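To be precise, the following lines are structure.tsv, and they hold TSV, C-alpha atoms.
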chain	number	residue	atom	x	y	z
A	1	MET	CA	13.26	18.50	1.27
A	2	PHE	CA	9.77	19.09	2.64
A	3	LEU	CA	6.64	17.54	1.17
A	4	THR	CA	3.34	19.45	1.41
A	5	SER	CA	-0.22	19.18	0.21
A	6	ASP	CA	-3.75	20.28	1.05
A	7	SER	CA	-6.10	18.24	3.21
A	8	ALA	CA	-7.84	16.70	0.20
A	9	ALA	CA	-5.00	14.15	0.03
A	10	ASP	CA	-6.71	11.28	1.81
A	11	LEU	CA	-4.03	9.58	3.88
A	12	PRO	CA	-4.38	8.47	7.50
A	13	PRO	CA	-2.84	10.89	10.04
A	14	GLU	CA	-0.28	8.30	11.11
A	15	LEU	CA	0.81	7.79	7.49
A	16	ARG	CA	1.07	11.54	6.93
A	17	ALA	CA	3.31	11.72	9.98
A	18	GLU	CA	5.37	8.75	8.79
A	19	ILE	CA	6.15	10.29	5.41
A	20	GLY	CA	6.44	13.82	6.82
A	21	LEU	CA	3.57	15.31	4.85
A	22	HIS	CA	2.59	18.86	5.88
A	23	THR	CA	-0.96	19.84	4.91
A	24	VAL	CA	-3.14	22.95	4.79
A	25	PRO	CA	-6.83	22.23	5.51
A	26	LEU	CA	-9.60	23.19	3.13
A	27	HIS	CA	-12.49	25.26	4.48
A	28	ILE	CA	-15.91	23.65	4.91
A	29	GLN	CA	-19.24	25.31	5.61
A	30	ILE	CA	-22.32	23.38	6.74
A	31	GLU	CA	-25.36	25.60	7.21
A	32	ASP	CA	-24.20	28.26	9.71
A	33	LYS	CA	-21.10	26.38	10.84
A	34	SER	CA	-17.76	26.84	9.14
A	35	GLY	CA	-14.35	25.44	9.90
A	36	ARG	CA	-11.29	23.57	8.70
A	37	ASP	CA	-11.37	20.15	7.13
A	38	GLY	CA	-10.36	17.51	9.65
A	39	VAL	CA	-9.82	20.09	12.38
A	40	ASP	CA	-13.21	21.68	13.09
A	41	ILE	CA	-15.47	19.79	10.69
A	42	PHE	CA	-15.49	16.09	9.83
A	43	PRO	CA	-17.36	13.90	7.32
A	44	GLN	CA	-19.80	12.78	10.00
A	45	ASP	CA	-20.94	16.42	10.36
A	46	ILE	CA	-21.63	16.57	6.63
A	47	TYR	CA	-23.61	13.34	6.64
A	48	ALA	CA	-25.66	14.36	9.68
A	49	ALA	CA	-26.72	17.67	8.12
A	50	PHE	CA	-27.60	16.02	4.82
A	51	HIS	CA	-29.67	13.18	6.24
A	52	ALA	CA	-31.46	15.43	8.74
A	53	ARG	CA	-32.25	18.43	6.54
A	54	LYS	CA	-30.82	17.65	3.07
A	55	SER	CA	-28.27	20.43	3.68
A	56	LEU	CA	-25.25	20.38	1.40
A	57	PRO	CA	-21.80	21.62	2.41
A	58	LYS	CA	-19.74	24.25	0.67
A	59	THR	CA	-15.99	23.86	0.27
A	60	ALA	CA	-13.35	26.50	-0.31
A	61	ALA	CA	-9.65	26.30	-1.01
A	62	PRO	CA	-7.23	27.70	1.57
A	63	ALA	CA	-6.29	31.30	0.83
A	64	PRO	CA	-2.87	32.07	-0.67
A	65	GLU	CA	-1.86	33.54	2.71
A	66	GLU	CA	-2.38	30.16	4.37
A	67	PHE	CA	-0.12	28.40	1.89
A	68	LYS	CA	2.39	31.25	2.16
A	69	ALA	CA	2.63	30.82	5.92
A	70	LEU	CA	3.40	27.12	5.50
A	71	PHE	CA	5.94	27.66	2.74
A	72	GLU	CA	7.74	30.43	4.62
A	73	GLY	CA	8.03	28.35	7.75
A	74	LEU	CA	9.60	25.47	5.83
A	75	THR	CA	11.91	27.36	3.46
A	76	ARG	CA	13.39	29.29	6.40
A	77	GLN	CA	14.94	25.98	7.35
A	78	GLY	CA	16.95	26.04	4.14
A	79	ALA	CA	15.20	23.17	2.38
A	80	ALA	CA	13.19	22.92	-0.82
A	81	VAL	CA	9.43	22.25	-0.88
A	82	VAL	CA	7.45	20.00	-3.21
A	83	HIS	CA	3.73	20.74	-2.98
A	84	ILE	CA	1.17	18.36	-4.52
A	85	ALA	CA	-2.22	20.06	-4.92
A	86	LEU	CA	-5.79	18.90	-5.42
A	87	ASN	CA	-6.88	18.66	-9.06
A	88	SER	CA	-7.12	22.20	-10.46
A	89	LYS	CA	-10.31	21.28	-12.34
A	90	PHE	CA	-12.06	20.78	-9.00
A	91	SER	CA	-10.61	23.48	-6.78
A	92	ALA	CA	-8.51	26.64	-6.52
A	93	CYS	CA	-6.04	24.87	-4.21
A	94	TYR	CA	-3.41	24.63	-6.94
A	95	GLN	CA	-3.81	28.21	-8.10
A	96	ASN	CA	-3.68	29.61	-4.57
A	97	ALA	CA	-0.61	27.57	-3.66
A	98	ALA	CA	1.12	28.70	-6.86
A	99	LEU	CA	0.36	32.34	-6.07
A	100	ALA	CA	1.75	31.89	-2.56
A	101	ALA	CA	4.93	30.25	-3.82
A	102	LYS	CA	5.72	33.30	-5.96
A	103	GLU	CA	5.81	35.46	-2.82
A	104	VAL	CA	8.20	33.25	-0.89
A	105	ASP	CA	11.96	33.18	-1.23
A	106	GLY	CA	13.09	29.64	-1.65
A	107	GLU	CA	12.91	26.57	-3.88
A	108	ILE	CA	9.22	25.63	-4.11
A	109	TYR	CA	7.61	23.34	-6.69
A	110	VAL	CA	3.81	23.53	-6.82
A	111	LEU	CA	2.33	20.63	-8.78
A	112	ASP	CA	-1.21	20.05	-9.99
A	113	SER	CA	-1.93	16.41	-9.10
A	114	LEU	CA	-4.76	16.20	-11.67
A	115	ASN	CA	-6.08	13.69	-9.15
A	116	CYS	CA	-8.17	13.81	-6.02
A	117	CYS	CA	-8.13	12.35	-2.54
A	118	ALA	CA	-6.54	8.87	-2.63
A	119	GLY	CA	-4.97	9.52	-6.04
A	120	GLN	CA	-3.48	12.72	-4.72
A	121	GLY	CA	-2.36	10.85	-1.60
A	122	MET	CA	-0.76	8.19	-3.79
A	123	LEU	CA	1.39	10.84	-5.47
A	124	CYS	CA	2.42	12.20	-2.07
A	125	MET	CA	3.54	8.72	-1.06
A	126	GLN	CA	5.48	8.33	-4.30
A	127	ALA	CA	7.19	11.67	-3.70
A	128	ALA	CA	8.17	10.51	-0.21
A	129	ARG	CA	9.58	7.28	-1.67
A	130	LEU	CA	11.68	9.22	-4.19
A	131	ARG	CA	12.90	11.53	-1.43
A	132	GLY	CA	13.98	8.45	0.50
A	133	GLN	CA	16.04	7.40	-2.51
A	134	GLY	CA	17.93	10.68	-2.28
A	135	LEU	CA	16.50	12.47	-5.32
A	136	PRO	CA	16.58	16.28	-5.21
A	137	ALA	CA	13.36	18.28	-5.20
A	138	ALA	CA	13.56	19.27	-8.87
A	139	GLU	CA	13.81	15.64	-9.99
A	140	ILE	CA	11.02	14.58	-7.66
A	141	ALA	CA	8.76	17.29	-9.12
A	142	GLU	CA	9.51	16.10	-12.66
A	143	ALA	CA	8.80	12.50	-11.69
A	144	ILE	CA	5.45	13.36	-10.09
A	145	LEU	CA	4.34	15.21	-13.22
A	146	ARG	CA	5.03	12.01	-15.16
A	147	LEU	CA	3.48	9.68	-12.59
A	148	ARG	CA	0.19	11.54	-12.19
A	149	ALA	CA	-1.07	10.10	-15.50
A	150	LYS	CA	-0.31	6.59	-14.21
A	151	VAL	CA	-2.56	6.76	-11.16
A	152	VAL	CA	-5.37	4.22	-11.47
A	153	GLY	CA	-8.38	4.90	-9.25
A	154	VAL	CA	-11.75	3.15	-9.29
A	155	TYR	CA	-14.37	4.52	-6.88
A	156	TYR	CA	-17.58	2.75	-5.95
A	157	VAL	CA	-20.69	4.82	-5.11
A	158	ASP	CA	-23.42	2.89	-3.33
A	159	ALA	CA	-26.21	5.43	-3.89
A	160	LEU	CA	-26.70	8.60	-5.91
A	161	HIS	CA	-28.98	10.57	-3.57
A	162	PHE	CA	-26.18	12.93	-2.49
A	163	LEU	CA	-24.90	13.51	-6.03
A	164	SER	CA	-28.43	14.07	-7.23
A	165	LYS	CA	-29.19	16.68	-4.58
A	166	SER	CA	-25.94	18.51	-5.34
A	167	GLY	CA	-26.73	18.65	-9.07
A	168	ARG	CA	-23.66	16.60	-10.00
A	169	CYS	CA	-25.94	13.81	-11.16
A	170	PRO	CA	-29.32	14.44	-12.82
A	171	GLY	CA	-32.22	13.46	-10.57
A	172	ILE	CA	-33.78	11.25	-13.23
A	173	VAL	CA	-30.53	9.28	-13.49
A	174	ALA	CA	-30.38	8.84	-9.72
A	175	LEU	CA	-34.02	7.77	-9.62
A	176	GLY	CA	-33.45	5.21	-12.35
A	177	ALA	CA	-30.35	3.87	-10.64
A	178	ASN	CA	-32.19	3.52	-7.34
A	179	LEU	CA	-35.17	1.78	-8.94
A	180	LEU	CA	-32.93	-0.64	-10.79
A	181	GLY	CA	-30.57	-1.20	-7.87
A	182	LEU	CA	-27.54	0.15	-9.74
A	183	HIS	CA	-24.29	1.17	-8.05
A	184	PRO	CA	-21.96	3.10	-10.39
A	185	THR	CA	-18.19	3.48	-10.35
A	186	ILE	CA	-16.33	6.71	-11.00
A	187	LEU	CA	-13.04	6.65	-12.89
A	188	PHE	CA	-10.32	9.32	-12.65
A	189	ASP	CA	-8.07	10.13	-15.60
A	190	GLY	CA	-4.78	11.47	-14.24
A	191	ALA	CA	-3.67	12.54	-17.71
A	192	THR	CA	-6.52	15.02	-18.15
A	193	GLY	CA	-7.85	15.49	-14.62
A	194	THR	CA	-11.35	14.45	-15.70
A	195	THR	CA	-13.81	11.87	-14.40
A	196	SER	CA	-16.16	9.44	-16.09
A	197	ILE	CA	-18.76	6.87	-15.10
A	198	GLY	CA	-17.49	3.30	-15.28
A	199	LYS	CA	-19.18	-0.04	-14.78
A	200	LYS	CA	-22.49	-0.12	-12.93
A	201	TYR	CA	-23.17	-2.94	-10.49
A	202	ARG	CA	-26.63	-4.29	-9.89
A	203	GLY	CA	-28.14	-5.75	-6.73
A	204	LYS	CA	-27.98	-5.31	-2.98
A	205	SER	CA	-25.16	-3.22	-1.54
A	206	ALA	CA	-23.04	-6.02	-0.08
A	207	LYS	CA	-23.08	-8.16	-3.23
A	208	ALA	CA	-22.52	-5.19	-5.53
A	209	ALA	CA	-19.59	-3.95	-3.46
A	210	GLU	CA	-18.06	-7.43	-3.44
A	211	ALA	CA	-18.31	-7.62	-7.23
A	212	TRP	CA	-16.69	-4.20	-7.47
A	213	VAL	CA	-13.78	-5.25	-5.24
A	214	ARG	CA	-13.16	-8.33	-7.40
A	215	ASP	CA	-13.09	-6.32	-10.63
A	216	ALA	CA	-11.07	-3.43	-9.21
A	217	ALA	CA	-8.51	-5.75	-7.60
A	218	GLN	CA	-8.05	-7.68	-10.84
A	219	ASN	CA	-7.41	-4.44	-12.70
A	220	ILE	CA	-4.90	-3.29	-10.08
A	221	ARG	CA	-3.19	-6.69	-10.02
A	222	GLU	CA	-2.77	-6.75	-13.81
A	223	THR	CA	-1.71	-3.16	-14.40
A	224	CYS	CA	-0.22	-1.65	-11.24
A	225	ASP	CA	2.84	-1.87	-9.06
A	226	PRO	CA	1.88	-4.10	-6.10
A	227	ALA	CA	4.36	-2.27	-3.88
A	228	LEU	CA	1.72	0.34	-3.10
A	229	CYS	CA	-2.08	0.19	-3.22
A	230	LEU	CA	-4.65	2.24	-1.33
A	231	LEU	CA	-8.06	0.95	-0.29
A	232	LEU	CA	-10.26	3.69	1.05
A	233	ARG	CA	-13.77	4.02	2.42
A	234	THR	CA	-16.01	6.75	3.72
A	235	PRO	CA	-16.09	6.76	7.54
A	236	ASP	CA	-19.84	6.08	7.80
A	237	ILE	CA	-19.46	2.45	6.72
A	238	PRO	CA	-19.76	0.03	9.65
A	239	PRO	CA	-17.04	-2.60	10.30
A	240	GLU	CA	-19.36	-5.51	9.52
A	241	PHE	CA	-19.68	-4.14	5.97
A	242	TYR	CA	-16.14	-3.02	5.17
A	243	GLU	CA	-14.04	-5.61	6.98
A	244	PRO	CA	-15.05	-8.49	4.65
A	245	LEU	CA	-14.24	-6.28	1.66
A	246	HIS	CA	-10.84	-5.40	3.10
A	247	ARG	CA	-10.07	-9.10	3.64
A	248	LEU	CA	-11.20	-9.92	0.11
A	249	ALA	CA	-9.02	-7.18	-1.39
A	250	ALA	CA	-6.01	-8.48	0.53
A	251	GLU	CA	-6.68	-12.02	-0.73
A	252	LEU	CA	-7.02	-10.83	-4.32
A	253	LEU	CA	-3.81	-8.77	-4.12
A	254	PRO	CA	-1.34	-11.28	-2.65
A	255	GLY	CA	2.00	-9.76	-1.79
A	256	ALA	CA	0.70	-6.23	-2.26
A	257	HIS	CA	1.41	-3.52	0.26
A	258	LEU	CA	-2.24	-2.60	0.79
A	259	THR	CA	-2.79	0.54	2.85
A	260	THR	CA	-6.31	1.22	4.11
A	261	CYS	CA	-7.62	4.68	4.93
A	262	THR	CA	-10.84	6.62	5.41
A	263	THR	CA	-11.84	9.56	3.27
A	264	GLY	CA	-12.08	13.13	4.49
A	265	CYS	CA	-14.42	16.02	3.88
A	266	THR	CA	-13.64	16.44	0.18
A	267	ILE	CA	-15.16	13.11	-0.83
A	268	ALA	CA	-17.90	13.56	1.77
A	269	SER	CA	-18.81	16.95	0.28
A	270	HIS	CA	-18.92	15.81	-3.33
A	271	ALA	CA	-19.79	12.12	-3.44
A	272	GLY	CA	-21.60	11.63	-0.15
A	273	ASP	CA	-21.55	8.53	1.99
A	274	HIS	CA	-21.01	4.80	1.54
A	275	CYS	CA	-18.24	5.05	-1.03
A	276	PHE	CA	-15.14	2.91	-1.57
A	277	GLY	CA	-12.04	3.35	-3.69
A	278	LEU	CA	-9.11	1.22	-4.80
A	279	VAL	CA	-6.09	3.10	-6.09
A	280	GLY	CA	-2.78	1.97	-7.57
A	281	ILE	CA	-0.11	3.28	-9.89
A	282	GLU	CA	0.74	1.68	-13.21
A	283	LYS	CA	3.99	-0.24	-13.58
Please render this file's structure as structure tokens.
Amino acid sequence: MFLTSDSAADLPPELRAEIGLHTVPLHIQIEDKSGRDGVDIFPQDIYAAFHARKSLPKTAAPAPEEFKALFEGLTRQGAAVVHIALNSKFSACYQNAALAAKEVDGEIYVLDSLNCCAGQGMLCMQAARLRGQGLPAAEIAEAILRLRAKVVGVYYVDALHFLSKSGRCPGIVALGANLLGLHPTILFDGATGTTSIGKKYRGKSAKAAEAWVRDAAQNIRETCDPALCLLLRTPDIPPEFYEPLHRLAAELLPGAHLTTCTTGCTIASHAGDHCFGLVGIEK
């Protein structure tokens, strides 16, 4: 069985290779430059354009033909495909992959993750684990549809300037948060595919992020399977800022298999820079 996704599934390249995850990159446009996520354009390009000229990127799902080419190449080998797509409420990735699957002979299961980035990556890792246990593709697909509602993801946003500029956060809210030194969290609901604003942390970035890690780790420790947790960060964050947080998370999650990764262009395009996330899956 082959496991596929789109590039919004934020897993390190070496982990994608380890679990055998095949991906199709999203398309990103920054000003007059366009290219593929993680191939031609990277988060650093998005940040540079925004901070220099307040330019915002545009993202587009891969076309059905791109998914079709991947599916055809894999099903020719006589194996089934389980495809885990970016949340359909955010993108046409799921719809385009589903359209492509209808045009390909073979056993293909296209699943809406109802999650994003690390949550989507978490489901890919769970699918790989089930494949390793010998489950057939149909049973893996059924399991992922059940598990997607159990993904727990808490994302920390240091500043709202990017979200404000993009219109995803009202400017007056961003201004108030900046004046008061507030750093909000974003919660994903894998049952509905929707997001909400969670706890807001007050104070300087380092102290606020530390408080967030403590709360998020406690929630993960109490509710989630410690066998698999993902700690992610945007790639703009310097080591002197994120390394203490990584050590703290490891201390607060003793015995957990904590995988760290950096986010790709999807988070960079929608949430901006200086973001963290801690993701687990309920027991």
| field | Distance query 10 Å from (2.7, -0.6, -4.0) using only C-alpha atoms, result as number ranges by chain | value | A: 122, 125-126, 224-230, 255-259, 279-283
Emit the selected residues as a PDB file, keeping the file's coordinate frame, including C-alpha atoms.
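Output (again37.pdb):
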ATOM      1  CA  MET A 122      -0.760   8.190  -3.790  1.00  0.00           C
ATOM      2  CA  MET A 125       3.540   8.720  -1.060  1.00  0.00           C
ATOM      3  CA  GLN A 126       5.480   8.330  -4.300  1.00  0.00           C
ATOM      4  CA  CYS A 224      -0.220  -1.650 -11.240  1.00  0.00           C
ATOM      5  CA  ASP A 225       2.840  -1.870  -9.060  1.00  0.00           C
ATOM      6  CA  PRO A 226       1.880  -4.100  -6.100  1.00  0.00           C
ATOM      7  CA  ALA A 227       4.360  -2.270  -3.880  1.00  0.00           C
ATOM      8  CA  LEU A 228       1.720   0.340  -3.100  1.00  0.00           C
ATOM      9  CA  CYS A 229      -2.080   0.190  -3.220  1.00  0.00           C
ATOM     10  CA  LEU A 230      -4.650   2.240  -1.330  1.00  0.00           C
ATOM     11  CA  GLY A 255       2.000  -9.760  -1.790  1.00  0.00           C
ATOM     12  CA  ALA A 256       0.700  -6.230  -2.260  1.00  0.00           C
ATOM     13  CA  HIS A 257       1.410  -3.520   0.260  1.00  0.00           C
ATOM     14  CA  LEU A 258      -2.240  -2.600   0.790  1.00  0.00           C
ATOM     15  CA  THR A 259      -2.790   0.540   2.850  1.00  0.00           C
ATOM     16  CA  VAL A 279      -6.090   3.100  -6.090  1.00  0.00           C
ATOM     17  CA  GLY A 280      -2.780   1.970  -7.570  1.00  0.00           C
ATOM     18  CA  ILE A 281      -0.110   3.280  -9.890  1.00  0.00           C
ATOM     19  CA  GLU A 282       0.740   1.680 -13.210  1.00  0.00           C
ATOM     20  CA  LYS A 283       3.990  -0.240 -13.580  1.00  0.00           C
TER      21      LYS A 283
END
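For the atom pair formed by atom CA of Glu107 of chain A and atom CA of Thr192 of chain A, the distance is 26.7 Å, given to one decimal.
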| request: Excluding Thr4 of chain A and any residue of its chain fewer than 2 positions from it, enumerate the residues within 12 Å of it, using all atoms listed in the file, and give them as a VMD selection string. | output: chain A and resid 1 to 2 6 to 9 16 to 17 19 to 25 67 to 68 70 to 71 73 to 75 80 to 86 94 97 108 to 111 120 to 121 123 to 125 127 to 128
| query | Suppose you want the space between atom CA of Gly198 of chain A and atom CA of Gly119 of chain A; what is it in Å? | reply |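 Rounded to one decimal, the two atoms are 16.8 Å apart.
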| field | Point-to-point distance in Å for atom CA of Arg221 of chain A and atom CA of Asn115 of chain A | value | 20.6 Å
| said: For a quick check of understanding, using only C-alpha atoms, which of A:Pro235, A:Gly264, A:Pro12, A:Gly153 has the smallest distance to Thr195 of chain A? | reply: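 The shortest atom-to-atom distance to Thr195 of chain A comes from A:Gly153.
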| request: Go ahead and find all residues with at least one atom no further than 12 Å from (-14.6, -3.5, 8.1) in the file's coordinates, using only C-alpha atoms; report them as number ranges by chain. | output: A: 231-249, 260-262, 276
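Between Ile41 of chain A and the residues A:Pro57, A:Pro13, A:Gly277, A:Pro184, the shortest atom-to-atom distance, using all atoms listed in the file, involves A:Pro57.
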| task | Would you please work out which residue, of A:Ala63, A:Leu145, A:Ala49, A:Leu56, is nearest to His27 of chain A when using only C-alpha atoms? | result |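 The shortest atom-to-atom distance to His27 of chain A comes from A:Ala63.
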